[in-house]
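> Would you mind keeping the following structure in view while I ask a few things?
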Amino acid sequence: TCAFDKNYEREKIQAIKLARKIVQVDCDYLPRTILQAITSIAESKDDPLFRISIITLCEIAVKCPQLVAVSNGIRILTNVVIESQPFNDSFQAAILTVLLFLLNQPDTRKYIRHNCDLRSIYAPLTDAVLPDTASAAEKIERWKAAKRAMVFMLHSWTGLLVLANDPLGLNSLIVAMQQPSIELNEIAVDAIFEIFRVIPPKQEVHGARSQGAWIRSNDVSMQPDGLGGTEAASRVPSKRTNILNNFSAALLIAFADTGLIEGLTDLGSRMSTENRDDSEAGRAAKKSICNKCTFLLGHLLTLANSLLPPSHSARLQTLPSLVKVAASFNNDNATQRSHASSIVTNLHQLAQTTNSIGQNSGNQITAQIKGNKTRDHRLDRINEVKRKMEYRMDEMSLVQKMRETQVLLTKDASKWDWDAVADLLEGPLLNSALIIAALRTKFFKRLLSFLRPSNKQFSAIPWHVKNMSYVRNACQLLRVLVSCEAGQSFLELNPLIPQIVDLMKIELEIEKEEGSRKGGRARSDPNRLFSTDQTLKTMSREYFTMLGILTSTQAGINIICKHKLFEYLTPMATLKSRDDLAHLIVASLDYSVSGPSRVILTRSLNATSKVVRYLATRHLRTLFRNGAAQYAEWAIKILHRQLSDETPKVRNEALLILDETSDEIDCLEALIGNTPTNLFDMGPLAKELVIRFLSRNSGFIFLSQETNFLATEMPKWKESEYINYGAQIEKRLPDAYAGGLGSANFGEEAVYLPPHLYGELATTQRGCELLKKTGDFKYFVDILLNENAQTFQRRGALWVVGTVGKSATGLQFLLEADIIGYIVNLASKCPCLSLRGAAFLVLGIISSTLRGREILSAHGWESALEKSIAIPKDTRKNPFFHIPEVEYEGTWAMVAPEKILPEFPKDDPVGEILTYFSNLSNHILTESASKNLKRYKIKNPEYFQMNEVIVYALRLLETYKFRPNSRQFIVSILDFSNVFAASSNSQSTDDSFFTLFNNAQNLINSAK
């Protein structure tokens, strides 16, 4: 049926359904002739059932890989990865997942030919000149398909180890960079960006000074949406182990040994050379590739410096070939020396830019508003000396400086030198004596006059990134004034704050009026600066930022309270129809000082609007990341209360924040002190948070004596949860790499090691005593040492051992069991590649302690300090990237019967017909064989009705590979009118096809 033409599509669908049903029940009952028919369809890309045939082959390959291998199905799958058009990422990923599954274990790895099947996937990358029959678009598509396949494979342990083991695997990308095709060069470079999850730079169109001009596509300084409580970066690097860093370190070492750094250097130098014959587009493409190479080099060197041990990092940082050319003063190499020097200069500039961005993590706009300008670190000492000199400035010099700002000379703010104003506010005016001197002039008065809403100067400025300097100066101005008593008195008497209070009065009255009218149109009022439109588009929203500066000190709070501003600010923060105002107020106030600000935050957390409650809850994370004072004393209690909120989104946000704060000991202790029993029923994340309690003595007492959590969970972990833990990590790693350059979280992924029950128990003395008492650790060590145990059981036991060894107290268990050497051996030589990768991660966890690093060093592994990443000291001698060869067992000759057809007399027509059938498998003899069979059909049609001919013809279809047209011809020329009757009456024990078919049919009927 599968060999019929397109007119029998329904019948073919039913036939494939039957085959899939047989596969679901038992692959051993699937006749090889049916599998050959499916592989024939899978080779025909124009067949409507092509995709379902490929999927069926994948399912069979997982359950019975030998059956697919001997039918040439593995080669078909590898070809489809590259040649499937139109291309589909999920379709390719499904096939590659099956191939990686087969490559993982030696029992299934033997059915794939590495030098033939696997290399066909990345072969297009090493061939810039594909066959002439392919168009330029087809060539590029094949290159991109090969690139996507390699990227997908390199985001798994199995794929990384297999490609690193193959001399042509990772090297194919390096070779692609050397090919004389700019398109292929760019595809290879883009592959490296995706493999290491690096966001490519955006090229500047104007103002680019040299090859090094670029903009990071995620540069926060280019984004204007950073004000008003955006998520700030973590105040300190996360204390949790990010196993994605371990995987990136392995990737980096593998590519470094392959020559990636040298390849990028050579490509960048070659692309920086312009030829006279280059078109404008060609020169632009070369410049783009050169910039990408430089950017990628800088990122990889930074990555090596942060992840790899010093010995490995130093080997990459030297860039010998590039430095050699840059330092060569041969006249013959003047052009190359110039380009090499440019690359070195650009790398230096990029390193400075990266450090600047890294040290100003979070939102730069918010940092500028808070008064922290981004400065070049080379000028820090000079600026410090300058500040000290200006701090002691005399009054005459101060007046002269103020005159230079033009503030004393004109009321027109557009003529003021705002940079000079900033220098004054951040320098001399930090001296209270100079503040008093400046108060005798009009300097402060005119600055505050510029800010007053009634003058409509500051409040009318569009809210944009380029205008943030006004906000920074305004905030610094208020800091200066509240820093001394004279400034406080001056600010208290100035109309600025009363006018802001009046604006709040107007807004509250209008909102109440609109609320009573139930949906009426907003009343137009020119004095309404806090309307939705005004706060969205103008600087009027920044008045809340200024109030936040005042709430950071007790003196500022006293000034606000005297003007009764909190009486209006509190109801504004809970307006039902103005979630935008609530967000601005909550995000702008400072909560370091106990008082009205925290009251407003508490009111917002209990507001009737679920949006306001959610935004206020989310802001607690920002406060934590910004290092709010005494956070554990007051915020943890609030977050615990939010766990009982009626809105699931608010509860989940509070839970996420509590999980993040649990890295701080004081926050974790504060949460334990609140006895959060409601966490027990809030899902997996809450359970992980509860398990973290075990890392503290108070938490151990709470979970073992005050609740039955520990007594309930330990049997579960011993039985199955330890397996689920390993599976969870196995799933998180590829999930972090899901999505390409267009995905929203590209380049920002992290896979933090979740808490392990036994690992957390091992961090306290009481937990260690419990582990010794139960003997659970020895139980898991025995599973790990048992090579006959299931792979998933050994992997789960490996994670138990690794997480226990993460702490100094738990490491003693590993030393007593003498298991570390065995794990090192697993990481170096384990035939199961996924288990080898898990062992690599576990060694990184063990290296978390100084004692652990010393022990690993004795076994030939080293790690960077406090990075939880362990690397072999000599990766070229260590067999971590080496996979022992296995003998290929996927040939049909190994399982084929000795005799396919019996011997026939020389002139026997049946023998001649079967010979012609056999010749149809040879594309050279196909035409003559088909003509002879047609001639026989006309003269002696009865031969094609004989059971003997039909059975042996089907056996030939089962044994040999026939093209779809040949299979269709054989099926169409045979007469099956009597076949089923003959099969039911047949007593022949040699009739394998009908025996298997009847057995399969009976099995399916019984399954139903």
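Each chain of the structure tokens is named A, B, ... in the order shown, its residues numbered from 1; ligands are numbered from 1 in display order.
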From the DSSP assignment of the backbone, select every residue of range 16-224 of chain A that is strand (DSSP E), and format the answer as a VMD selection string.
chain A and resid 201 to 203 214 to 216
> Please produce a file of the residues just selected, as a short mmCIF file (atom, residue, chain, number, x, y, z; two decimals), in the first residue's frame, where the atoms kept are N, CA and C atoms.

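Saved file part.cif follows:
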data_model
loop_
_atom_site.label_atom_id
_atom_site.label_comp_id
_atom_site.auth_asym_id
_atom_site.auth_seq_id
_atom_site.Cartn_x
_atom_site.Cartn_y
_atom_site.Cartn_z
N PRO A 201 26.85 42.79 18.02
CA PRO A 201 26.80 44.25 18.11
C PRO A 201 25.99 44.83 16.96
N LYS A 202 25.41 45.98 17.21
CA LYS A 202 24.74 46.73 16.14
C LYS A 202 25.73 47.72 15.57
N GLN A 203 25.80 47.76 14.24
CA GLN A 203 26.76 48.67 13.60
C GLN A 203 26.22 50.09 13.61
N TRP A 214 30.80 50.23 17.45
CA TRP A 214 29.63 49.36 17.55
C TRP A 214 28.82 49.78 18.76
N ILE A 215 27.61 49.25 18.81
CA ILE A 215 26.73 49.47 19.95
C ILE A 215 26.20 48.13 20.36
N ARG A 216 26.24 47.84 21.64
CA ARG A 216 25.63 46.60 22.11
C ARG A 216 24.14 46.71 21.91
#
> Within 9 Å of Met546 in chain A, counting only C-alpha atoms, which residues qualify if same-chain residues fewer than 5 places away don't, as a PDB file with N, CA and C atoms, in the first residue's frame?

ATOM      1  N   VAL A 471      17.079  65.957  35.523  1.00  0.00           N
ATOM      2  CA  VAL A 471      16.596  65.237  36.709  1.00  0.00           C
ATOM      3  C   VAL A 471      17.753  64.984  37.674  1.00  0.00           C
ATOM      4  N   ALA A 474      18.526  68.118  39.442  1.00  0.00           N
ATOM      5  CA  ALA A 474      17.463  68.464  40.401  1.00  0.00           C
ATOM      6  C   ALA A 474      17.604  67.625  41.666  1.00  0.00           C
ATOM      7  N   CYS A 475      17.875  66.339  41.505  1.00  0.00           N
ATOM      8  CA  CYS A 475      18.019  65.469  42.674  1.00  0.00           C
ATOM      9  C   CYS A 475      19.243  65.853  43.495  1.00  0.00           C
ATOM     10  N   LEU A 478      18.534  68.969  45.612  1.00  0.00           N
ATOM     11  CA  LEU A 478      17.794  68.714  46.843  1.00  0.00           C
ATOM     12  C   LEU A 478      18.694  68.058  47.891  1.00  0.00           C
ATOM     13  N   THR A 551      12.787  61.858  50.890  1.00  0.00           N
ATOM     14  CA  THR A 551      12.422  60.825  51.862  1.00  0.00           C
ATOM     15  C   THR A 551      13.603  59.946  52.252  1.00  0.00           C
ATOM     16  N   SER A 588       9.393  55.586  43.492  1.00  0.00           N
ATOM     17  CA  SER A 588      10.243  56.770  43.685  1.00  0.00           C
ATOM     18  C   SER A 588      10.639  56.998  45.129  1.00  0.00           C
ATOM     19  N   LEU A 589       9.813  56.602  46.066  1.00  0.00           N
ATOM     20  CA  LEU A 589      10.090  56.892  47.468  1.00  0.00           C
ATOM     21  C   LEU A 589      11.257  56.058  47.980  1.00  0.00           C
TER      22      LEU A 589
END
> Report as JSON, numbers by chain: the residues of range 784-986 of chain A with a DSSP assignment of helix (DSSP H, G or I), based on the backbone of this structure.
{"A": [784, 785, 791, 792, 793, 794, 795, 796, 797, 798, 799, 800, 801, 802, 803, 804, 808, 809, 810, 811, 812, 813, 814, 815, 816, 817, 820, 821, 822, 823, 824, 825, 826, 827, 828, 829, 833, 834, 835, 836, 837, 838, 839, 840, 841, 842, 843, 844, 845, 846, 850, 851, 852, 853, 854, 855, 856, 857, 858, 879, 880, 881, 892, 893, 894, 909, 910, 911, 912, 913, 914, 915, 916, 917, 918, 919, 926, 927, 928, 929, 930, 931, 932, 933, 934, 935, 936, 937, 938, 939, 941, 942, 943, 944, 945, 947, 948, 949, 950, 951, 952, 953, 954, 955, 956, 957, 958, 959, 964, 965, 966, 967, 968, 969, 970, 971, 972, 973, 979, 980, 981, 982, 983, 984, 985]}
> Please determine, counting only C-alpha atoms, which residue among A:Ser156, A:Leu833, A:Met393, A:Pro200 has the shortest atom-to-atom distance to Gly298 in chain A.
A:Pro200
> Could you state the separation of CA of Ser71 in chain A and CA of Glu43 in chain A in Å, given to one decimal place?
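It comes out at 12.0 Å.
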> Might you pull out every residue within 10 Å of Thr647 in chain A, with only C-alpha atoms counted and same-chain residues fewer than 4 positions away left off, and present them as a PyMOL selection string?
chain A and resi 610-611+613-614+642-643+651-652
> What is the CA of Phe813 in chain A to CA of Phe777 in chain A distance in Å?
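Distance between the two atoms: 7.8 Å.
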> Interatomic distance between CA of Thr158 in chain A and CA of Leu103 in chain A?
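It comes out at 7.0 Å.
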> Would you kindly return, as a PyMOL selection string, each protein, DNA or RNA residue with an atom no farther than 9 Å from any atom of Gly487 in chain A, considering only C-alpha atoms and excluding same-chain residues fewer than 3 positions away?
chain A and resi 432+435-436+439+478+480-484+490-492
> Just want the 9 Å neighbourhood of Ile192 in chain A, counted on only C-alpha atoms, with same-chain residues fewer than 6 positions away dropped. Output as a ChimeraX atom specification.
/A:151,173,198,296
> With N, CA and C atoms retained, export the selected residues as a short mmCIF file (atom, residue, chain, number, x, y, z; two decimals), in the first residue's frame.

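To be explicit, this is the file written out as out36.cif:
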data_model
loop_
_atom_site.label_atom_id
_atom_site.label_comp_id
_atom_site.auth_asym_id
_atom_site.auth_seq_id
_atom_site.Cartn_x
_atom_site.Cartn_y
_atom_site.Cartn_z
N VAL A 151 24.65 24.23 16.02
CA VAL A 151 24.31 25.01 17.21
C VAL A 151 23.43 24.19 18.14
N LEU A 173 33.62 24.59 11.65
CA LEU A 173 33.32 26.02 11.75
C LEU A 173 34.56 26.86 11.52
N VAL A 198 25.87 34.95 22.65
CA VAL A 198 26.35 36.33 22.69
C VAL A 198 25.48 37.17 21.77
N LEU A 296 33.49 39.46 19.17
CA LEU A 296 33.43 38.09 19.66
C LEU A 296 34.72 37.69 20.36
#
> Under the rule that only C-alpha atoms are counted, which of A:Met271, A:Cys561, A:Ile783, A:Met468 is the nearest residue to Ala797 in chain A?
A:Ile783
> Which is closest to Gly73 in chain A among A:Lys718, A:Lys576, A:Arg876, A:Lys961, if we use only C-alpha atoms?
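Ranked by minimum distance to Gly73 in chain A, first place goes to A:Lys961.
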> Given only C-alpha atoms as the basis, pick out the residue of A:Ala94, A:Ile243, A:Ile500, A:Leu920 nearest to Ala736 in chain A.
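Counting only C-alpha atoms, the residue closest to Ala736 in chain A is A:Ile243.
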> Which residues are close to Thr891 in chain A, i.e. within 12 Å by only C-alpha atoms, leaving aside same-chain residues fewer than 4 positions away? Reply as a PyMOL selection string.
chain A and resi 65-75+110-113+887+895-896+959
> Which one of A:Gly767, A:Gly802, A:Gly556, A:Gly759 sits closest to Leu784 in chain A if you count only C-alpha atoms?
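Distance minimum relative to Leu784 in chain A lands on A:Gly802.
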> Identify which of the residues A:Gln945, A:Ser597, A:Ser918, A:Thr241 lies closest to Gly844 in chain A, counting only C-alpha atoms when measuring atom-to-atom distances.
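Closest to Gly844 in chain A of all the choices is A:Thr241.
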> Set the distance at 9 Å and use only C-alpha atoms: which residues neighbour Asn697 in chain A once local chain neighbours fewer than 6 positions away are removed? I'd like the list as a list of chain:residue names.
A:Thr764, A:Gln765, A:Arg766, A:Gly767
